[in-house]
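Asks: Got a structure for you, written out below as structure tokens; questions coming shortly.
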Amino acid sequence: MAAQLFQCPSCGAPVIPKGATAVINCPYCHASVVVPEELRQTSTAAGWSTRVYDGFISNHNDWTTGSQNSEYFAPLNRSIAEGRYRWEARVNTASSISAAWLMGYPVSDFHLIANCKHIQGSRAGSSAGVVFRIRDNNNYYHFHVTDHQFFAVSMKKDGQWLTIVEWTSSNTIKPNGVNQMEVIAHGGHFTFLINGRMVSEVDNDQFSEGLVGLALEGYTPGEETTFDFLDITLRAP
């Protein structure tokens, strides 16, 4: 989707809106410019339809469940019951990650929302997140938060991890509370929100389409951690 230009009210130069940002700086005169609401991308996303809403009352979307041992977690137990998708894990190696995909819904532009809660483990020892534009196990994006009030965005490309947004502190994350993560994707532009507040915007066009899902990451061998995912919503044009 091509961005629509509008004129800077101070100098008349063309300005390109970026994502959900309400106020940006004119690149020519550096004045603060209010983006017309109809040009903010969240307005477009608000008109998209819901493809999937899963409140984890049952496993009708065939999420991965059961107990698994791997080089990353030994074990990782996942279960769905009473409105939660619980992940209980013991970290086996540093920087371990496991993901579960929502099958059958490949998307390009999308609005992904997931609510999760940290149940057990140190606040900085693990993170929960969403994965998106999944092509396969070695190619996808990852947006995740810790209960220590940090978030990050990374990309796995051909099996190699690349940092997109460094670990960043954000007081919008609720320690010991339910935290909502959102990703709004328009082409190669991504807007990231936590608990309804935008925390970052990036441009990256490595992957143009793919599946979405949920993920757990652990950082300290031997650490035991538990997260509950309470729901996931996928909206798209």
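Each chain of the structure tokens is named A, B, ... in the order shown, its residues numbered from 1; ligands are numbered from 1 in display order.
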Would you mind listing what lies within 8 Å of stretch 29-34 of chain A as a list in words, with only C-alpha atoms counted and same-chain residues fewer than 2 positions away left out?

Replies: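 Counting only C-alpha atoms, the residues come to Cys8, Pro9, Ser10, Cys11, Ala22, Val23, Ile24, Asn25, Cys26, Pro27 and Pro36 of chain A.
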
Asks: For the strand (DSSP E or B) assignment from backbone DSSP, which residues of stretch 78-166 of chain A qualify? Please present them as a PyMOL selection string.

Replies: chain A and resi 78-81+84-91+96-107+110-120+126-136+139-146+150-157+160-166

Asks: Tell me, as a list in words, which residues lie within 9 Å of A:Arg135, counting only C-alpha atoms; anything in the same chain fewer than 4 positions away does not count.

Replies: Asn139, Tyr140, Phe207, Glu209, Gly210 and Leu211 of chain A

Asks: Write out as a PyMOL selection string the residues lying within 9 Å of stretch 115-125 of chain A, counting only C-alpha atoms and excluding same-chain residues fewer than 4 positions away.

Replies: chain A and resi 84+88+129+146-150+175-182+195+217-220+223-232

Asks: Give me the residues near A:Tyr53 as a VMD selection string, where near means some atom within 12 Å (using only C-alpha atoms) and where sequence neighbours in that chain fewer than 5 positions away do not count.

Replies: chain A and resid 60 to 61 102 105 111 to 115 230 to 235

Asks: Neighbouring residues of A:Thr65 were defined as those with any atom within 10 Å, considering only C-alpha atoms; residues of the same chain fewer than 6 positions away were excluded. Please report them as a list in words.

Replies: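 Final neighbour list, sorted by chain and number: Asn59, Leu76, Asn77, Arg78, Ser79, Ile80, Tyr85, Arg86, Trp87 and Ala100 of chain A.
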
Asks: Using only C-alpha atoms, which residue out of A:Lys156, A:Pro221, A:Ala236, A:Ala185 lies closest to A:Asn92?

Replies: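 For A:Asn92, the nearest of the given residues is A:Pro221.
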
Asks: Which residue, A:Gly187, A:Ala128, A:Glu82, A:Ser98, has the smallest gap to A:Gln68 when you use only C-alpha atoms?

Replies: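 Comparing A:Gly187, A:Ala128, A:Glu82, A:Ser98 against A:Gln68, the winner is A:Ser98.
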